[in-house]
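**Q** After the structure tokens below, expect a handful of questions from me.
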Amino acid sequence: MTTKLVRQQTVITNAFHRNLIDWFRQHRRLLPWRNKRTPYRVWIAEIMLQQTRVDQAQPYFDRFMKRFPSLRSLAAAPREDVLKCWEGLGYYSRARNLHEAARHIARDHKGRFPRTREELLALPGIGPYTAAAIGSLAFQLPLAVVDGNVIRVLSRVFAIEEPASSSKTTRQVQEWADRLLLQEDPGTFNEAMMELGALCCTPRGPDCPNCPLRAICQAHKKGQAEAYPRKAPRKKIPHKLVAAGVIINSRNQILLAQRRDTDMLGGLWEFPGGKMEPGEDAVACLERELKEELGIRVRVGDELLVVAHAFSHFTMDLHAHWVKIISGRPRAIECADYVWTPPAQLRMYPMPRADVKIAEHVMARFADGTAT
DNA sequence: AATCCGGGGTG
DNA sequence: CACCCAGGATT
């Protein structure tokens with residue numbers, strides 16, 4: 001009885017593997033990180049691909065590899081350079097963690113990349129997914145990855161009813177993936193599963209007729225592929241009003257403040273300001289925030305522009321105003337550092353995207369001579 | 001187990 | 001604008 005079940009499962013598993021791997025060989029995309037699977041390249045690619053689409057990550061990957069071709073060069077670089085290379089990619093803690101982990105490997109592992117799941121998990125920014133990805137792709141460790149693609153594929157294959165976001169689903173999918181993993185070539189199996197999710201078993205409009213797993217897919221059998229994975233009801237995200245000051249001095253220099261490491265967007269440079277309190281307008285907000293943050297009294301002038309920006313967990317309108325200092329010299333009270341810079345050099349500093357928009361506006365105003 | 005990261009793309 | 005997808009860290 002047991003042997004029969006085992007044999008039956010083996011038949012299914014073999015068919016699963018053969019179809020999946022054949023499909024992958026035909027359809028796999030040629031991506032920069034897929035040639036030369038060194039641990040370092042795999043690592044950088046996997047961190048970039050967290051929460052980020054392939055199309056968006058690709059140019060960043062090429063630039064990053066050019067600028068930091070080796071783990072040693074990354075570890076030796078100033079953090080500022082790493083953030084600058086990451087600018088625009090979002091989730092900046094990834095860049096900070098990457099840099100920290102590189103230094104850790106250089107120092108404690110003498111530059112030899114860790115090659116066990118436990119050692120990988122101990123590095124900042126590496127969780128279960130990334131540890132399995134690096135372990136399988138670079139070191140052929142038998143670790144199954146579970147990312148959004150794998151959750152979608154297996155939620156459909158096994159018609160899992162719990163929402164994709166629940167930790168129960170993650171655990172269930174991890175168990176299935178571990179069981180299905182192609183032991184002889186875990187890296188290719190993992191890539192194939194994720195590629196299937198990206199190209200065929202897509203969130204909307206999955207290409208079931210051409211799917212290598214259609215024969216065993218329970219969601220497809222029910223004619224309900226797109227109904228999986230089940231979605232949890234989502235809550236609405238808040239909207240915030242924020243003000244930023246373009247502080248200009250008598251020498252036509254602009255003040256940038258650096259965010260503290262422990263804050264969100266830590267280490268990035270921005271036009272100082274903050275959230276408007278209830279009942280406050282941008283002017284009152286800037287007078288208060290700039291006193292708290294930099295210890296200066298200011299006169300808030302005209303509005304340059306309003307940047308509407310959507311973040312992952314809220315949206316905001318960022319009101320940028322020209323500002324002059326009435327009294328006091330700036331001190332880095334609620335920020336890590338500050339700097340006065342000529343407008344032309346604003347873009348040397350790594351900034352959040354919303355501040356990049358302000359910076360471009362400021363530079364344009366100076367270029368055409370209409371700056372106040 | 002749930003929540004929080006200050007994302008970006010698409011229709 | 002509404003809607004969608006998404007790993008790690010934290011608590």
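Starting from 1 in every chain, residues are counted up; chains themselves are A, B, ... following the order of the structure tokens, and ligands are numbered from 1 as listed.
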Once you count only C-alpha atoms (C1' of nucleotides), which residues of chain B turn out to be within 8 Å of chain A? Could you give them as a PyMOL selection string?
**A** chain B and resi 1+5-7
**Q** For chain C, work out the contacting residues on chain A at 8 Å, counting only C-alpha atoms (C1' of nucleotides), and write them as a ChimeraX atom specification.
**A** /A:50-52,125-127,129,147-148
**Q** Mind checking which residues fall within 8 Å of A:Leu20, counting only C-alpha atoms (C1' of nucleotides), ignoring those fewer than 3 positions away in the same chain, and posting them as a PDB file with N, CA, C and O atoms, in the first residue's frame?
**A**
```pdb
ATOM      1  N   PHE A  16       6.050  15.645 -13.614  1.00  0.00           N
ATOM      2  CA  PHE A  16       6.127  17.046 -13.213  1.00  0.00           C
ATOM      3  C   PHE A  16       7.485  17.631 -13.615  1.00  0.00           C
ATOM      4  O   PHE A  16       7.575  18.651 -14.280  1.00  0.00           O
ATOM      5  N   HIS A  17       8.539  16.936 -13.230  1.00  0.00           N
ATOM      6  CA  HIS A  17       9.895  17.414 -13.526  1.00  0.00           C
ATOM      7  C   HIS A  17      10.164  17.482 -15.013  1.00  0.00           C
ATOM      8  O   HIS A  17      10.654  18.478 -15.520  1.00  0.00           O
ATOM      9  N   TRP A  23       9.841  22.523 -20.564  1.00  0.00           N
ATOM     10  CA  TRP A  23       9.258  23.839 -20.829  1.00  0.00           C
ATOM     11  C   TRP A  23      10.283  24.941 -20.569  1.00  0.00           C
ATOM     12  O   TRP A  23      10.437  25.873 -21.363  1.00  0.00           O
ATOM     13  N   PHE A  24      10.987  24.816 -19.460  1.00  0.00           N
ATOM     14  CA  PHE A  24      11.963  25.846 -19.077  1.00  0.00           C
ATOM     15  C   PHE A  24      13.063  25.965 -20.128  1.00  0.00           C
ATOM     16  O   PHE A  24      13.457  27.071 -20.507  1.00  0.00           O
ATOM     17  N   ALA A 192      13.065  27.263 -12.930  1.00  0.00           N
ATOM     18  CA  ALA A 192      11.958  26.856 -13.798  1.00  0.00           C
ATOM     19  C   ALA A 192      10.613  27.189 -13.150  1.00  0.00           C
ATOM     20  O   ALA A 192       9.700  27.694 -13.807  1.00  0.00           O
ATOM     21  N   MET A 193      10.492  26.921 -11.874  1.00  0.00           N
ATOM     22  CA  MET A 193       9.236  27.230 -11.178  1.00  0.00           C
ATOM     23  C   MET A 193       8.940  28.725 -11.223  1.00  0.00           C
ATOM     24  O   MET A 193       7.807  29.151 -11.468  1.00  0.00           O
ATOM     25  N   PRO A 212       3.043  23.422 -18.876  1.00  0.00           N
ATOM     26  CA  PRO A 212       3.556  22.055 -18.738  1.00  0.00           C
ATOM     27  C   PRO A 212       2.901  21.296 -17.573  1.00  0.00           C
ATOM     28  O   PRO A 212       3.024  20.077 -17.503  1.00  0.00           O
ATOM     29  N   LEU A 213       2.208  22.006 -16.697  1.00  0.00           N
ATOM     30  CA  LEU A 213       1.618  21.350 -15.528  1.00  0.00           C
ATOM     31  C   LEU A 213       0.102  21.206 -15.637  1.00  0.00           C
ATOM     32  O   LEU A 213      -0.558  20.845 -14.671  1.00  0.00           O
TER      33      LEU A 213
END
```
**Q** Using only C-alpha atoms (C1' of nucleotides), which protein or nucleic acid residues come within 9 Å of A:Glu87? Drop anything in the same chain fewer than 3 positions from it, and give the result as a PDB file with N, CA and C atoms, in the first residue's frame.
**A**
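Output file result_38.pdb is given in full below:
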```
ATOM      1  N   VAL A  82      27.059  53.030  -2.714  1.00  0.00           N
ATOM      2  CA  VAL A  82      26.122  51.919  -2.885  1.00  0.00           C
ATOM      3  C   VAL A  82      24.694  52.454  -2.977  1.00  0.00           C
ATOM      4  N   LEU A  83      24.365  53.399  -2.110  1.00  0.00           N
ATOM      5  CA  LEU A  83      23.025  53.991  -2.145  1.00  0.00           C
ATOM      6  C   LEU A  83      22.784  54.728  -3.460  1.00  0.00           C
ATOM      7  N   LYS A  84      23.821  55.406  -3.944  1.00  0.00           N
ATOM      8  CA  LYS A  84      23.669  56.152  -5.194  1.00  0.00           C
ATOM      9  C   LYS A  84      23.364  55.192  -6.340  1.00  0.00           C
ATOM     10  N   GLY A  90      14.219  51.699  -4.908  1.00  0.00           N
ATOM     11  CA  GLY A  90      13.291  51.534  -3.786  1.00  0.00           C
ATOM     12  C   GLY A  90      13.762  50.537  -2.743  1.00  0.00           C
ATOM     13  N   TYR A  92      15.295  50.864   0.216  1.00  0.00           N
ATOM     14  CA  TYR A  92      16.719  51.154   0.336  1.00  0.00           C
ATOM     15  C   TYR A  92      17.422  50.378   1.428  1.00  0.00           C
ATOM     16  N   LEU A 268      19.632  58.307   2.922  1.00  0.00           N
ATOM     17  CA  LEU A 268      19.375  59.120   1.721  1.00  0.00           C
ATOM     18  C   LEU A 268      19.314  60.604   2.097  1.00  0.00           C
ATOM     19  N   PRO A 350      22.432  60.651  -3.241  1.00  0.00           N
ATOM     20  CA  PRO A 350      21.328  59.694  -3.377  1.00  0.00           C
ATOM     21  C   PRO A 350      20.081  60.188  -2.650  1.00  0.00           C
ATOM     22  N   MET A 351      18.973  60.210  -3.367  1.00  0.00           N
ATOM     23  CA  MET A 351      17.728  60.777  -2.830  1.00  0.00           C
ATOM     24  C   MET A 351      16.554  59.840  -3.082  1.00  0.00           C
ATOM     25  N   PRO A 352      15.518  59.975  -2.265  1.00  0.00           N
ATOM     26  CA  PRO A 352      14.245  59.315  -2.588  1.00  0.00           C
ATOM     27  C   PRO A 352      13.685  59.920  -3.879  1.00  0.00           C
ATOM     28  N   ARG A 353      12.846  59.160  -4.546  1.00  0.00           N
ATOM     29  CA  ARG A 353      12.355  59.610  -5.855  1.00  0.00           C
ATOM     30  C   ARG A 353      11.624  60.937  -5.793  1.00  0.00           C
TER      31      ARG A 353
END
```
**Q** If you run DSSP over the backbone, which residues in stretch 103-265 of chain A end up strand (DSSP E)? Put them as a CSV table (one decimal) with all heavy atoms, in the first residue's frame.
**A**
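So out37.csv came out as:
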```
chain,number,residue,atom,x,y,z
A,239,HIS,N,-3.4,58.4,3.1
A,239,HIS,CA,-2.9,59.5,2.3
A,239,HIS,C,-2.3,60.5,3.3
A,239,HIS,O,-2.9,60.9,4.3
A,239,HIS,CB,-3.9,60.1,1.4
A,239,HIS,CG,-3.4,61.2,0.6
A,239,HIS,ND1,-2.7,61.0,-0.6
A,239,HIS,CD2,-3.5,62.6,0.6
A,239,HIS,CE1,-2.3,62.1,-1.1
A,239,HIS,NE2,-2.8,63.1,-0.4
A,240,LYS,N,-1.1,61.0,3.0
A,240,LYS,CA,-0.5,62.0,3.9
A,240,LYS,C,-0.1,63.3,3.2
A,240,LYS,O,0.2,63.2,2.0
A,240,LYS,CB,0.8,61.4,4.5
A,240,LYS,CG,0.4,60.2,5.4
A,240,LYS,CD,1.6,59.6,6.1
A,240,LYS,CE,1.2,58.4,6.9
A,240,LYS,NZ,2.3,57.7,7.6
A,241,LEU,N,-0.1,64.4,3.9
A,241,LEU,CA,0.4,65.6,3.4
A,241,LEU,C,1.7,65.9,4.0
A,241,LEU,O,1.8,65.9,5.2
A,241,LEU,CB,-0.7,66.7,3.7
A,241,LEU,CG,-2.0,66.6,3.1
A,241,LEU,CD1,-3.0,67.7,3.5
A,241,LEU,CD2,-1.9,66.6,1.5
A,242,VAL,N,2.7,66.2,3.2
A,242,VAL,CA,4.0,66.4,3.6
A,242,VAL,C,4.6,67.7,3.0
A,242,VAL,O,4.2,68.1,1.9
A,242,VAL,CB,4.9,65.2,3.2
A,242,VAL,CG1,6.3,65.4,3.7
A,242,VAL,CG2,4.3,63.9,3.8
A,243,ALA,N,5.5,68.4,3.8
A,243,ALA,CA,6.1,69.6,3.2
A,243,ALA,C,7.6,69.5,3.2
A,243,ALA,O,8.2,68.8,4.1
A,243,ALA,CB,5.7,70.8,4.1
A,244,ALA,N,8.2,70.0,2.2
A,244,ALA,CA,9.7,70.0,2.1
A,244,ALA,C,10.2,71.4,1.8
A,244,ALA,O,9.6,72.1,1.0
A,244,ALA,CB,10.2,69.0,1.0
A,245,GLY,N,11.3,71.8,2.4
A,245,GLY,CA,11.8,73.1,2.2
A,245,GLY,C,13.1,73.1,1.3
A,245,GLY,O,14.0,72.4,1.6
A,246,VAL,N,13.0,74.0,0.3
A,246,VAL,CA,14.3,74.2,-0.5
A,246,VAL,C,14.9,75.4,0.1
A,246,VAL,O,14.6,76.5,-0.3
A,246,VAL,CB,13.9,74.4,-2.0
A,246,VAL,CG1,15.2,74.6,-2.8
A,246,VAL,CG2,13.1,73.2,-2.5
A,247,ILE,N,15.8,75.2,1.0
A,247,ILE,CA,16.5,76.2,1.8
A,247,ILE,C,17.7,76.7,1.0
A,247,ILE,O,18.5,76.0,0.6
A,247,ILE,CB,17.0,75.7,3.1
A,247,ILE,CG1,15.8,75.0,3.9
A,247,ILE,CG2,17.5,76.9,3.9
A,247,ILE,CD1,16.2,74.4,5.2
A,254,ILE,N,22.0,75.2,-1.8
A,254,ILE,CA,20.8,74.5,-1.3
A,254,ILE,C,21.2,73.6,-0.2
A,254,ILE,O,22.2,72.9,-0.2
A,254,ILE,CB,20.1,73.7,-2.4
A,254,ILE,CG1,20.0,74.5,-3.7
A,254,ILE,CG2,18.8,73.1,-1.9
A,254,ILE,CD1,18.8,75.5,-3.6
A,255,LEU,N,20.3,73.5,0.9
A,255,LEU,CA,20.6,72.6,2.0
A,255,LEU,C,19.9,71.3,1.8
A,255,LEU,O,18.7,71.2,1.5
A,255,LEU,CB,20.1,73.3,3.3
A,255,LEU,CG,20.6,72.5,4.5
A,255,LEU,CD1,20.8,73.5,5.7
A,255,LEU,CD2,19.5,71.5,5.0
A,256,LEU,N,20.7,70.2,1.9
A,256,LEU,CA,20.2,68.9,1.9
A,256,LEU,C,20.4,68.3,3.3
A,256,LEU,O,21.5,68.5,3.9
A,256,LEU,CB,20.8,68.0,0.9
A,256,LEU,CG,20.5,68.3,-0.6
A,256,LEU,CD1,21.3,67.3,-1.5
A,256,LEU,CD2,19.0,68.1,-0.8
A,257,ALA,N,19.5,67.5,3.8
A,257,ALA,CA,19.6,66.8,5.1
A,257,ALA,C,19.7,65.3,4.8
A,257,ALA,O,19.0,64.8,3.9
A,257,ALA,CB,18.5,67.2,6.0
A,258,GLN,N,20.5,64.7,5.6
A,258,GLN,CA,20.6,63.2,5.4
A,258,GLN,C,19.8,62.5,6.4
A,258,GLN,O,19.9,62.8,7.6
A,258,GLN,CB,22.1,62.8,5.5
A,258,GLN,CG,22.3,61.3,5.2
A,258,GLN,CD,23.7,60.9,5.2
A,258,GLN,OE1,24.5,61.3,6.0
A,258,GLN,NE2,24.1,60.0,4.3
```
